[in-house]
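Have a look at the structure below, then the notes.
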Amino acid sequence: MSEFIQYTLQGLAAGGFYALSALGLAVIFGVLGVVNFSHGACYMLGAVISAVLLAELDLGFWPALLIVPVVMFCFGVLMERLLVRWLLALDPLYNFLLTFGLTLVLVEAVKMRYGVSGLPYEVPAGLGGQVTLGSVSLSTYAIFACVFSVVVCVAVGLLITRTRIGMIVRAATEAPERTRALGINVGRWVTPVFGFGIALAGLAGVLAAPTRAITAEMGSNFIIILFAVVVIGGLGSILGAVVAGFLVGLVEAYGIAYAPAYAQIVIFVMMALVVLVRPSGLFGREEIA
Amino acid sequence: MSEPAPKPAPKPEPDRAPVAAPARRHTPMLEVTGMSAWYGEARVLTDVSIEVAPGEVVTLVGRNGAGKTTLLRAVMGLHRQLQGSVVLDGVELTRASADRRARAGLGWVPDDRGIYASLTVAENLLLPPVVHDDAWSLERVYDFFPVLHERRDFPGTKLSGGEQQMLAMARVLRMGSRLLLLDEPSEGLAPVVVERIGEIIRAITAAGVGVLLVEQNVRFASTVADRHYLLAQGRVELHVAGEEFRARESELLTHLGM
Ligand SMILES: Nc1ncnc2c1ncn2[C@@H]1O[C@H](COP(=O)(O)OP(=O)(O)O)[C@@H](O)[C@H]1O
Ligand SMILES: [Mg+2]
């Protein structure tokens with residue numbers, strides 16, 4: 001029983017990384033119609049930049065939690081302005097290929113600069129220990145990562161459901177053309193939304209840094225799972241991204257614990273089942289399918 | 001062929017006394033000139049010119065596939081393969097983006113009503129910016145459409161078809177659009193709802209708003225419109241006043257193949 005609770009916590013913590021990243025993927029897809037293949041690489045960059053901040057500037061986890069999303073936001077803005085923007089008028093496949101290519105460039109660049117062996121990082125002071133509840137002892141950091149992800153997801157949820165900016169993002173996500181015809185300059189929101197989505201991937205990277213091996217390749221598997229998350233939740237659905245993120249994190253953690261050989265397969269079986277029953281995903285709108 | 005029928009005496013105002021033929025009431029508010037449109041190689045509009053004056057209801061009548069929706073989308077700036085010009089209140093909009101056209105006063109109510117499922121009824125109303133001093137306040141919208149007030153916190157698409165149509169029209173009124181582009185508002189609605197839409201159109205135009213109404217429901221079109229453009233295969237075949245249209249209705253419809 002105590003092990004089960006531990007696995008659940010690990011699953012929710014990993015799920016938090018998926019949820020945050022999938023949220024970023026969902027808002028980008030919603031407003032730009034672009035499936036950002038480089039999202040995994042951006043997650044990796046978030047973790048790598050955290051490690052570099054520590055190694056070179058002696059800035060630890062807490063500053064990184066603030067600095068990295070800002071840096072990744074700027075990175076996203078540049079990426080949209082310099083690259084993605086020019087292909088928006090074409091078939092979305094072009095941007096998929098562009099971001100795929102960018103992934104290869106980023107991964108190789110990190111390998112060239114920092115090698116393949118993994119950068120050192122540690123759990124921030126104060127979150128290193130265990131919390132003991134009765135007979136169960138849980139990693140303090142995993143609890144923190146979970147709570148933090150949930151708080152950010154809720155904050156983003158409120159931003160999207162309760163503010164005018166969120167209303168415009170929802171409208172543009174559902175029907176970009178019609179939203180323009182109602183007098184809203186959707187183009188003006190494209191760059192900040194893209195930057196915001198990339199920043200969320202970077203934030204997931206910072207959160208993952210203390211518990212994962214920080215390597216150039218850490219985003220490669222991540223992006224595959226992330227696509228499963230997005231398909232399960234419903235492409236473009238904000239709530240779907242969050243719920244499916246945590247769900248996949250849990251399934252993966254139980255898989256690793258109880259059936260290590262099948263851990264990944266289970267996720268994709270789940271994805272296949274969801275698609276069979278609800279082609280538009282758990283929270284996708286029917287008309288999209 | 002696209003020549004308008006003979007120009008008649010100006011129509012008396014303000015009531016809608018019968019007149020013999022098409023008439024501009026004032027200088028036109030919307031001027032669409034020489035518009036042609038393509039989908040790839042296929043030409044779907046040929047040299048269409050249309051005018052709408054303030055407070056006037058002008059219909060574009062034509063069978064399915066005649067090019068009515070394409071024309072409205074082109075006027076709204078949503079169609080790329082295009083020739084011709086669009087001027088609203090003297091402002092040249094030919095090269096303007098769709099959002100600029102909306103802010104200049106064009107209000108598009110698409111054939112699918114265009115209600116957002118991910119926005120509540122109230123949010124659907126509040127989404128567009130207010131672009132004119134005469135824009136309806138939210139209170140006025142709710143007074144005029146009590147059902148929208150009752151359902152204000154529901155997702156927009158939880159409304160019935162007729163309610164969604166009201167919402168789509170209320171939305172552009174709240175924005176303060178000066179010229180409404182209505183794409184088959186009566187389609188699929190019960191007669192009593194269609195009648196209500198007719199009342200709304202009359203109320204709107206009394207305040208000087210112009211309406212370009214696309215319709216296949218000719219009976220409905222003839223009850224609300226001052227003038228009609230008959231569109232066939234992307235060309236304006238005929239331009240007639242409401243009265244003449246009513247007199248020659250069956251002949252004209254046969255001619256259009258409707
Ligand atoms: N997206 C499209 N691609 C290609 N052809 C289209 C498209 N939309 C409409 N058409 C064609 O353009 C013509 C005019 O269509 P439309 O403007 O929708 O007519 P209406 O609204 O009068 O029924 C039709 O022949 C239709 O088949
Ligand atoms: Mg049509």
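So you can find residues: chains in the structure tokens are A, B, ... in the order shown, residues in each start at 1, and ligands are numbered from 1 in order.
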
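Considering only C-alpha atoms and all ligand atoms, the residues that reside within 9 Å of ligand 2 can be listed as Arg63, Asn64, Gly65, Ala66, Gly67, Lys68, Thr69, Thr70, Pro110, Asp111, Asp183, Glu184, Val214, Glu215 and Gln216 of chain B.
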
Kindly provide, as a PyMOL selection string, the residues of chain A having any atom no farther than 10 Å from an atom of chain B, counting only C-alpha atoms. chain A and resi 161+164-165+167-168+170-175+177-187+285

Pick out the closest residue to ligand 1 from this set: B:Pro28, B:Gly198, B:Gly162, B:Gly62. Count only C-alpha atoms and all ligand atoms. B:Gly62

Check the DSSP output for the backbone and give back, as a PyMOL selection string, the residues of segment 55-270 of chain A in strand (DSSP E). chain A and resi 130-133+136-139

For the helix (DSSP H, G or I) assignment from backbone DSSP, which residues of segment 78-226 of chain A qualify? Please present them as a count of residues only. 105

Near Gly176 of chain B, within 6 Å and counting only C-alpha atoms, which residues show up once chain neighbours fewer than 5 positions away are dropped, as a list of chain:residue names?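 My list of contacting residues is B:Val131, B:His132, B:Asp134, B:Ala135.
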
If we count only C-alpha atoms and set the cut-off at 12 Å, which residues sit around segment 147-149 of chain A, ignoring sequence neighbours fewer than 5 positions away in its own chain? Please answer as a PyMOL selection string. chain A and resi 9+12-23+65+140-142+154-157+200-201+203-208+242-243+245-246

Measuring atom to atom with only C-alpha atoms and all ligand atoms, identify which of B:Val218, B:Ala203, B:Leu159, B:Ala232 is nearest to ligand 1.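 Closest to ligand 1, using only C-alpha atoms and all ligand atoms: B:Ala232.
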
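Taking only C-alpha atoms and all ligand atoms into account, ligand 1 lies nearest to B:Glu187 out of the set B:Glu187, B:Glu31, B:Asp143, B:Glu56.
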
Nearest candidate to ligand 1 (options B:Ile204, B:Val75, B:Leu148, B:Val141; using only C-alpha atoms and all ligand atoms): B:Val75
